[in-house]
$ cat query.cif   # mmCIF, C-alpha atoms
data_work
loop_
_atom_site.group_PDB
_atom_site.id
_atom_site.type_symbol
_atom_site.label_atom_id
_atom_site.label_comp_id
_atom_site.auth_asym_id
_atom_site.auth_seq_id
_atom_site.Cartn_x
_atom_site.Cartn_y
_atom_site.Cartn_z
ATOM 1 C CA MET R 1 26.037 260.994 52.032
ATOM 2 C CA ASN R 2 28.494 261.633 49.229
ATOM 3 C CA HIS R 3 30.236 258.346 49.962
ATOM 4 C CA LYS R 4 26.937 256.443 49.640
ATOM 5 C CA THR R 5 26.162 258.199 46.346
ATOM 6 C CA ASP R 6 29.597 257.423 44.981
ATOM 7 C CA ARG R 7 29.218 253.787 46.020
ATOM 8 C CA ARG R 8 25.815 253.514 44.329
ATOM 9 C CA GLN R 9 27.228 255.021 41.151
ATOM 10 C CA PHE R 10 30.201 252.629 41.234
ATOM 11 C CA LEU R 11 27.962 249.570 41.685
ATOM 12 C CA ALA R 12 25.603 250.732 38.945
ATOM 13 C CA GLY R 13 28.527 251.249 36.590
ATOM 14 C CA THR R 14 29.899 247.823 37.417
ATOM 15 C CA VAL R 15 26.563 246.146 36.666
ATOM 16 C CA VAL R 16 26.212 247.992 33.364
ATOM 17 C CA ALA R 17 29.734 247.016 32.355
ATOM 18 C CA ALA R 18 29.116 243.393 33.282
ATOM 19 C CA VAL R 19 25.839 243.297 31.330
ATOM 20 C CA ALA R 20 27.498 244.940 28.339
ATOM 21 C CA LEU R 21 30.326 242.406 28.481
ATOM 22 C CA GLY R 22 27.843 239.559 28.683
ATOM 23 C CA PHE R 23 25.892 240.771 25.650
ATOM 24 C CA GLY R 24 29.049 241.570 23.726
ATOM 25 C CA GLN R 25 30.539 238.082 24.008
ATOM 26 C CA THR R 26 29.324 234.938 22.363
ATOM 27 C CA ALA R 27 29.891 231.520 23.894
ATOM 28 C CA GLY R 28 32.743 230.954 21.461
ATOM 29 C CA SER R 29 34.478 234.267 22.039
ATOM 30 C CA ALA R 30 34.403 233.793 25.822
ATOM 31 C CA GLU R 31 36.526 230.676 25.516
ATOM 32 C CA PRO R 32 40.261 231.151 24.940
ATOM 33 C CA LYS R 33 41.714 229.444 21.912
ATOM 34 C CA PRO R 34 43.390 226.211 23.040
ATOM 35 C CA SER R 35 47.160 226.281 23.111
ATOM 36 C CA GLN R 36 49.075 224.036 20.756
ATOM 37 C CA GLU R 37 50.093 220.822 22.475
ATOM 38 C CA TYR R 38 53.376 218.969 22.129
ATOM 39 C CA TYR R 39 53.499 215.242 21.386
ATOM 40 C CA GLU R 40 56.074 212.620 22.161
ATOM 41 C CA LEU R 41 55.767 209.504 20.050
ATOM 42 C CA ARG R 42 57.771 206.646 21.510
ATOM 43 C CA THR R 43 58.364 203.374 19.707
ATOM 44 C CA TYR R 44 59.513 200.576 21.989
ATOM 45 C CA ARG R 45 61.389 198.131 19.755
ATOM 46 C CA ILE R 46 60.566 194.659 21.048
ATOM 47 C CA ALA R 47 61.767 191.292 19.758
ATOM 48 C CA ASP R 48 58.985 188.908 20.737
ATOM 49 C CA ALA R 49 55.558 188.479 22.301
ATOM 50 C CA ASP R 50 56.892 187.676 25.785
ATOM 51 C CA ASN R 51 58.861 190.894 25.947
ATOM 52 C CA GLN R 52 55.930 192.814 24.504
ATOM 53 C CA LYS R 53 53.907 191.584 27.494
ATOM 54 C CA LEU R 54 56.621 192.814 29.889
ATOM 55 C CA VAL R 55 56.680 196.279 28.338
ATOM 56 C CA SER R 56 52.890 196.375 28.139
ATOM 57 C CA ASP R 57 52.586 195.565 31.855
ATOM 58 C CA TYR R 58 55.118 198.286 32.697
ATOM 59 C CA LEU R 59 53.178 200.837 30.678
ATOM 60 C CA GLU R 60 49.810 199.844 32.132
ATOM 61 C CA GLN R 61 50.846 199.454 35.767
ATOM 62 C CA ALA R 62 53.618 202.052 36.152
ATOM 63 C CA LEU R 63 54.095 204.669 33.441
ATOM 64 C CA LEU R 64 50.514 205.573 32.503
ATOM 65 C CA PRO R 65 49.360 205.899 36.145
ATOM 66 C CA ALA R 66 52.396 208.109 36.834
ATOM 67 C CA LEU R 67 51.564 210.282 33.822
ATOM 68 C CA LYS R 68 47.980 210.547 35.032
ATOM 69 C CA ARG R 69 49.215 211.813 38.405
ATOM 70 C CA GLN R 70 50.908 214.614 36.443
ATOM 71 C CA GLY R 71 47.669 215.499 34.698
ATOM 72 C CA ILE R 72 48.687 213.814 31.440
ATOM 73 C CA SER R 73 45.790 211.828 30.007
ATOM 74 C CA ARG R 74 44.722 210.661 26.520
ATOM 75 C CA VAL R 75 47.914 208.597 26.295
ATOM 76 C CA GLY R 76 47.634 206.186 23.390
ATOM 77 C CA VAL R 77 49.339 202.803 23.328
ATOM 78 C CA PHE R 78 49.214 200.871 20.067
ATOM 79 C CA LYS R 79 50.624 197.843 18.276
ATOM 80 C CA GLU R 80 50.754 197.142 14.569
ATOM 81 C CA VAL R 81 47.857 195.373 12.908
ATOM 82 C CA ASP R 82 49.255 192.103 11.542
ATOM 83 C CA GLY R 83 52.757 193.151 12.583
ATOM 84 C CA LYS R 84 54.317 190.097 10.918
ATOM 85 C CA GLY R 85 56.825 189.509 13.681
ATOM 86 C CA ASP R 86 57.204 193.169 14.713
ATOM 87 C CA HIS R 87 56.198 193.392 18.366
ATOM 88 C CA SER R 88 56.921 197.100 18.789
ATOM 89 C CA LEU R 89 54.620 199.244 20.927
ATOM 90 C CA TYR R 90 53.806 202.829 19.961
ATOM 91 C CA VAL R 91 53.124 205.282 22.788
ATOM 92 C CA LEU R 92 51.665 208.727 22.076
ATOM 93 C CA ILE R 93 51.987 211.190 24.977
ATOM 94 C CA PRO R 94 50.409 214.683 24.765
ATOM 95 C CA TYR R 95 51.995 217.514 26.778
ATOM 96 C CA LYS R 96 50.497 220.909 27.539
ATOM 97 C CA SER R 97 53.899 222.592 27.219
ATOM 98 C CA LEU R 98 57.595 222.017 26.627
ATOM 99 C CA GLU R 99 58.113 222.623 30.336
ATOM 100 C CA GLN R 100 55.868 219.676 31.179
ATOM 101 C CA PHE R 101 57.776 217.524 28.715
ATOM 102 C CA SER R 102 61.213 218.544 30.007
ATOM 103 C CA ALA R 103 60.216 217.952 33.639
ATOM 104 C CA LEU R 104 58.958 214.405 33.061
ATOM 105 C CA ASN R 105 62.084 212.472 34.059
ATOM 106 C CA ASP R 106 62.650 214.558 37.181
ATOM 107 C CA VAL R 107 59.041 214.051 38.275
ATOM 108 C CA LEU R 108 59.187 210.303 37.641
ATOM 109 C CA GLU R 109 62.415 210.082 39.645
ATOM 110 C CA LYS R 110 60.583 211.425 42.705
ATOM 111 C CA ASP R 111 57.438 209.307 42.224
ATOM 112 C CA ALA R 112 57.659 206.495 44.778
ATOM 113 C CA ALA R 113 54.510 204.778 43.491
ATOM 114 C CA TYR R 114 55.965 204.687 39.986
ATOM 115 C CA HIS R 115 59.194 203.065 41.163
ATOM 116 C CA LYS R 116 57.336 200.521 43.263
ATOM 117 C CA SER R 117 55.101 199.537 40.335
ATOM 118 C CA ALA R 118 58.080 199.361 37.953
ATOM 119 C CA GLU R 119 60.418 197.554 40.367
ATOM 120 C CA ALA R 120 60.259 194.142 38.688
ATOM 121 C CA PHE R 121 60.576 195.676 35.230
ATOM 122 C CA PHE R 122 63.668 197.670 36.183
ATOM 123 C CA ALA R 123 65.168 194.570 37.808
ATOM 124 C CA LEU R 124 65.283 192.610 34.537
ATOM 125 C CA PRO R 125 68.804 191.347 33.730
ATOM 126 C CA VAL R 126 70.976 193.716 31.709
ATOM 127 C CA LYS R 127 71.635 190.963 29.169
ATOM 128 C CA SER R 128 67.898 190.283 28.767
ATOM 129 C CA PRO R 129 66.216 193.674 28.304
ATOM 130 C CA ALA R 130 62.510 193.843 27.520
ATOM 131 C CA TYR R 131 63.161 196.169 24.568
ATOM 132 C CA SER R 132 66.191 196.929 22.446
ATOM 133 C CA ARG R 133 65.741 200.725 22.192
ATOM 134 C CA ILE R 134 63.143 203.462 22.486
ATOM 135 C CA GLU R 135 62.865 205.554 19.344
ATOM 136 C CA SER R 136 61.342 208.932 20.071
ATOM 137 C CA ARG R 137 60.158 211.992 18.195
ATOM 138 C CA LEU R 138 58.991 215.326 19.623
ATOM 139 C CA MET R 139 56.300 217.206 17.741
ATOM 140 C CA LYS R 140 54.317 220.426 17.991
ATOM 141 C CA ALA R 141 50.606 220.405 17.161
ATOM 142 C CA PHE R 142 49.403 222.250 14.063
ATOM 143 C CA ASN R 143 47.497 225.528 14.354
ATOM 144 C CA GLY R 144 44.684 223.867 12.439
ATOM 145 C CA MET R 145 44.280 221.189 15.128
ATOM 146 C CA PRO R 146 45.974 222.413 18.315
ATOM 147 C CA VAL R 147 44.880 219.576 20.616
ATOM 148 C CA LEU R 148 44.584 215.816 20.290
ATOM 149 C CA GLU R 149 41.075 214.505 19.641
ATOM 150 C CA VAL R 150 40.023 211.070 20.887
ATOM 151 C CA PRO R 151 37.761 209.267 18.373
ATOM 152 C CA GLU R 152 34.063 209.282 19.154
ATOM 153 C CA GLY R 153 32.055 206.102 19.550
ATOM 154 C CA ASP R 154 32.900 202.713 20.954
ATOM 155 C CA GLY R 155 36.386 201.386 20.290
ATOM 156 C CA PRO R 156 38.667 199.856 19.538
ATOM 157 C CA HIS R 157 39.165 201.825 16.326
ATOM 158 C CA LEU R 158 41.592 201.278 13.493
ATOM 159 C CA PHE R 159 44.352 203.910 13.429
ATOM 160 C CA GLU R 160 46.638 204.960 10.622
ATOM 161 C CA LEU R 161 49.881 206.698 11.544
ATOM 162 C CA ARG R 162 51.427 208.625 8.640
ATOM 163 C CA THR R 163 54.757 210.445 8.259
ATOM 164 C CA TYR R 164 55.458 212.852 5.398
ATOM 165 C CA GLU R 165 59.116 213.650 4.824
ATOM 166 C CA SER R 166 60.251 216.703 2.843
ATOM 167 C CA SER R 167 63.543 217.398 1.098
ATOM 168 C CA ASN R 168 64.098 220.677 2.961
ATOM 169 C CA GLN R 169 62.660 222.765 5.796
ATOM 170 C CA LYS R 170 60.887 225.266 3.541
ATOM 171 C CA LEU R 171 58.941 222.535 1.758
ATOM 172 C CA ALA R 172 58.117 220.878 5.080
ATOM 173 C CA ARG R 173 56.658 224.137 6.384
ATOM 174 C CA LEU R 174 54.641 224.546 3.186
ATOM 175 C CA LYS R 175 53.111 221.094 3.721
ATOM 176 C CA VAL R 176 52.140 222.097 7.256
ATOM 177 C CA ASP R 177 50.575 225.236 5.772
ATOM 178 C CA MET R 178 48.653 223.106 3.293
ATOM 179 C CA PHE R 179 47.090 221.134 6.129
ATOM 180 C CA ASN R 180 46.274 224.288 8.097
ATOM 181 C CA SER R 181 44.823 225.983 5.012
ATOM 182 C CA GLY R 182 42.197 223.367 4.258
ATOM 183 C CA GLU R 183 43.506 219.813 4.089
ATOM 184 C CA ILE R 184 42.523 219.094 7.697
ATOM 185 C CA ASP R 185 39.017 220.406 7.004
ATOM 186 C CA ILE R 186 38.704 218.126 3.978
ATOM 187 C CA MET R 187 39.757 215.151 6.104
ATOM 188 C CA ARG R 188 37.101 216.019 8.658
ATOM 189 C CA ASP R 189 34.518 216.427 5.889
ATOM 190 C CA VAL R 190 35.112 212.907 4.549
ATOM 191 C CA LYS R 191 35.219 211.393 8.078
ATOM 192 C CA LEU R 192 38.899 210.389 8.077
ATOM 193 C CA GLY R 193 38.811 210.974 11.840
ATOM 194 C CA PRO R 194 41.971 213.013 12.557
ATOM 195 C CA VAL R 195 43.475 212.329 15.999
ATOM 196 C CA PHE R 196 46.501 214.657 15.889
ATOM 197 C CA PHE R 197 48.826 216.497 13.525
ATOM 198 C CA GLY R 198 52.403 217.171 14.601
ATOM 199 C CA GLU R 199 55.318 219.044 13.073
ATOM 200 C CA THR R 200 58.409 217.061 14.062
ATOM 201 C CA LEU R 201 60.873 219.191 16.013
ATOM 202 C CA ILE R 202 63.278 216.409 16.941
ATOM 203 C CA GLY R 203 63.524 212.982 15.318
ATOM 204 C CA ALA R 204 65.647 210.746 13.153
ATOM 205 C CA ASP R 205 64.148 211.714 9.793
ATOM 206 C CA VAL R 206 63.449 215.459 9.891
ATOM 207 C CA PRO R 207 62.160 217.508 8.251
ATOM 208 C CA ASN R 208 58.809 215.772 8.431
ATOM 209 C CA LEU R 209 55.322 215.885 9.855
ATOM 210 C CA THR R 210 53.397 213.041 11.436
ATOM 211 C CA TYR R 211 49.673 212.605 11.916
ATOM 212 C CA MET R 212 47.107 209.985 12.900
ATOM 213 C CA LEU R 213 43.690 209.110 11.473
ATOM 214 C CA SER R 214 40.982 206.792 12.797
ATOM 215 C CA ALA R 215 37.986 204.766 11.670
ATOM 216 C CA PRO R 216 35.739 202.053 13.091
ATOM 217 C CA LYS R 217 37.365 199.476 10.800
ATOM 218 C CA ARG R 218 39.685 199.191 7.799
ATOM 219 C CA GLU R 219 36.902 199.015 5.222
ATOM 220 C CA ASP R 220 35.447 202.308 6.460
ATOM 221 C CA HIS R 221 38.888 203.915 6.459
ATOM 222 C CA ASP R 222 39.548 202.921 2.845
ATOM 223 C CA LYS R 223 36.186 204.422 1.800
ATOM 224 C CA HIS R 224 37.010 207.646 3.628
ATOM 225 C CA TRP R 225 40.306 207.868 1.714
ATOM 226 C CA ASP R 226 38.378 207.364 -1.542
ATOM 227 C CA GLY R 227 36.169 210.278 -0.545
ATOM 228 C CA PHE R 228 39.216 212.418 0.188
ATOM 229 C CA ARG R 229 40.838 211.739 -3.186
ATOM 230 C CA ALA R 230 37.564 212.575 -4.960
ATOM 231 C CA HIS R 231 36.878 215.748 -2.952
ATOM 232 C CA PRO R 232 36.726 218.820 -5.244
ATOM 233 C CA GLU R 233 38.576 221.029 -2.760
ATOM 234 C CA TRP R 234 41.438 218.534 -2.550
ATOM 235 C CA ASP R 235 41.540 218.382 -6.338
ATOM 236 C CA ARG R 236 41.925 222.168 -6.345
ATOM 237 C CA MET R 237 44.545 222.331 -3.568
ATOM 238 C CA LYS R 238 46.839 219.626 -4.918
ATOM 239 C CA LYS R 239 47.172 221.493 -8.223
ATOM 240 C CA LEU R 240 48.403 224.723 -6.633
ATOM 241 C CA ASP R 241 51.995 225.495 -7.603
ATOM 242 C CA LYS R 242 52.659 226.633 -4.039
ATOM 243 C CA TYR R 243 52.327 223.100 -2.686
ATOM 244 C CA LYS R 244 53.905 221.046 -5.450
ATOM 245 C CA GLY R 245 56.831 218.856 -4.408
ATOM 246 C CA THR R 246 56.360 219.394 -0.687
ATOM 247 C CA VAL R 247 56.436 215.667 0.160
ATOM 248 C CA SER R 248 59.366 213.444 -0.807
ATOM 249 C CA LYS R 249 58.421 210.261 1.076
ATOM 250 C CA ILE R 250 55.339 208.865 2.806
ATOM 251 C CA THR R 251 55.465 206.100 5.422
ATOM 252 C CA ASN R 252 52.391 204.698 7.131
ATOM 253 C CA TRP R 253 51.462 202.115 9.745
ATOM 254 C CA TYR R 254 48.090 200.580 10.599
ATOM 255 C CA LEU R 255 47.711 200.330 14.360
ATOM 256 C CA GLU R 256 45.289 198.982 16.925
ATOM 257 C CA PRO R 257 45.078 200.119 20.565
ATOM 258 C CA VAL R 258 45.962 197.797 23.405
ATOM 259 C CA PRO R 259 43.125 197.321 25.954
ATOM 260 C CA PHE R 260 44.440 199.908 28.462
ATOM 261 C CA SER R 261 45.192 202.611 25.885
ATOM 262 C CA GLY R 262 43.690 206.016 26.656
ATOM 263 C CA ILE R 263 42.816 206.312 22.959
ATOM 264 C CA GLN R 264 40.481 203.591 21.715
#

$ encode --input "query.cif" --output "structure tokens"
Amino acid sequence: MNHKTDRRQFLAGTVVAAVALGFGQTAGSAEPKPSQEYYELRTYRIADADNQKLVSDYLEQALLPALKRQGISRVGVFKEVDGKGDHSLYVLIPYKSLEQFSALNDVLEKDAAYHKSAEAFFALPVKSPAYSRIESRLMKAFNGMPVLEVPEGDGPHLFELRTYESSNQKLARLKVDMFNSGEIDIMRDVKLGPVFFGETLIGADVPNLTYMLSAPKREDHDKHWDGFRAHPEWDRMKKLDKYKGTVSKITNWYLEPVPFSGIQ
């Protein structure tokens, strides 16, 4: 009899606790904050349109399917708008963790389907490579935007890739803080369509940060930038002594996605 009473009391207590937990949590609080992703931005340096097609086929038929088998999606593949002879391809790969990034080559080595799909590409003559080099940078997502966001609506969109260099690490970190403290929110407010923000951990031109914006077309994007420059909160932030001199050089590229890109 005592055992049954104890059991009833235990079950009643469990129900009360569960109900209290349910009432105490909102939908937002029940969801864990997303972890900051890591991004690899690869630039395949390619001399001409024929070789661009070879690299594009390799990416579409071999690499991206292999990444998908590892649970890596939202992989963007882009080329420059009006590249004027530059046939480079830009590949943006999001990783859940550094461990996933560091394991990539080992996993690809064991992926028979990947090697079969890439067989012809890897068999190209040594003296006639499809690309000259792969330039790569590794980045960590900002706190203010911890995961990559694919643009809403039908694509293809226009994308702007921007890199802000700083003269030292302290200033670079202050620029990251500026984005996290309100600049990202302003960009959202004026519909600049942020895709990702990354603090560069490894690259040729550190210290820097790199980010990507999107818009349906160039005319819309230019109007969104006008709205950003005229935004009262941006006018306030840019005058703060804390953030003065944080950026020493800005480089940008206008990109368009290739048809098989996971970001359109």

$ closest_residue --input "query.cif" --among "R:Lys96, R:Arg162, R:His157, R:His87" --to "R:Lys140" --atoms "all atoms listed in the file"
R:Lys96

$ residues_near_point --input "query.cif" --point "(44.0, 219.6, -2.5)" --cutoff "9 Å" --atoms "all atoms listed in the file" --output "PyMOL selection string"
chain R and resi 178+182-183+186+229+231-240

$ resolve_selection --input "query.cif" --expression "the PyMOL selection byres ((chain R and resi 169-171) around 12)" --output "list in words"
Tyr164, Glu165, Ser166, Ser167, Asn168, Ala172, Arg173, Leu174, Lys175, Val176, Asp177, Met178, Glu199, Thr200, Leu201, Asp205, Val206, Pro207, Asn208, Leu209, Lys242, Tyr243, Lys244, Gly245, Thr246, Val247 and Ser248 of chain R

$ resolve_selection --input "query.cif" --expression "the PyMOL selection byres ((chain R and resi 113) around 12)" --output "JSON list (two decimals) with C-alpha atoms, in the coordinates of the input"
[["chain", "number", "residue", "atom", "x", "y", "z"],
["R", 61, "GLN", "CA", 50.85, 199.45, 35.77],
["R", 62, "ALA", "CA", 53.62, 202.05, 36.15],
["R", 63, "LEU", "CA", 54.10, 204.67, 33.44],
["R", 64, "LEU", "CA", 50.51, 205.57, 32.50],
["R", 65, "PRO", "CA", 49.36, 205.90, 36.15],
["R", 66, "ALA", "CA", 52.40, 208.11, 36.83],
["R", 67, "LEU", "CA", 51.56, 210.28, 33.82],
["R", 69, "ARG", "CA", 49.22, 211.81, 38.40],
["R", 107, "VAL", "CA", 59.04, 214.05, 38.28],
["R", 108, "LEU", "CA", 59.19, 210.30, 37.64],
["R", 109, "GLU", "CA", 62.42, 210.08, 39.65],
["R", 110, "LYS", "CA", 60.58, 211.42, 42.70],
["R", 111, "ASP", "CA", 57.44, 209.31, 42.22],
["R", 112, "ALA", "CA", 57.66, 206.50, 44.78],
["R", 114, "TYR", "CA", 55.96, 204.69, 39.99],
["R", 115, "HIS", "CA", 59.19, 203.06, 41.16],
["R", 116, "LYS", "CA", 57.34, 200.52, 43.26],
["R", 117, "SER", "CA", 55.10, 199.54, 40.34],
["R", 118, "ALA", "CA", 58.08, 199.36, 37.95],
["R", 119, "GLU", "CA", 60.42, 197.55, 40.37]]

$ atom_distance --input "query.cif" --atom1 "atom CA of R:Gly144" --atom2 "atom CA of R:Leu192"
15.3 Å

$ closest_residue --input "query.cif" --among "R:Glu60, R:Asp50, R:Glu37, R:Glu149" --to "R:Tyr95" --atoms "only C-alpha atoms"
R:Glu37

$ resolve_selection --input "query.cif" --expression "the PyMOL selection byres ((chain R and resi 221-227) around 12)" --output "number ranges by chain"
R: 157-160, 186-194, 213-220, 228-235, 254
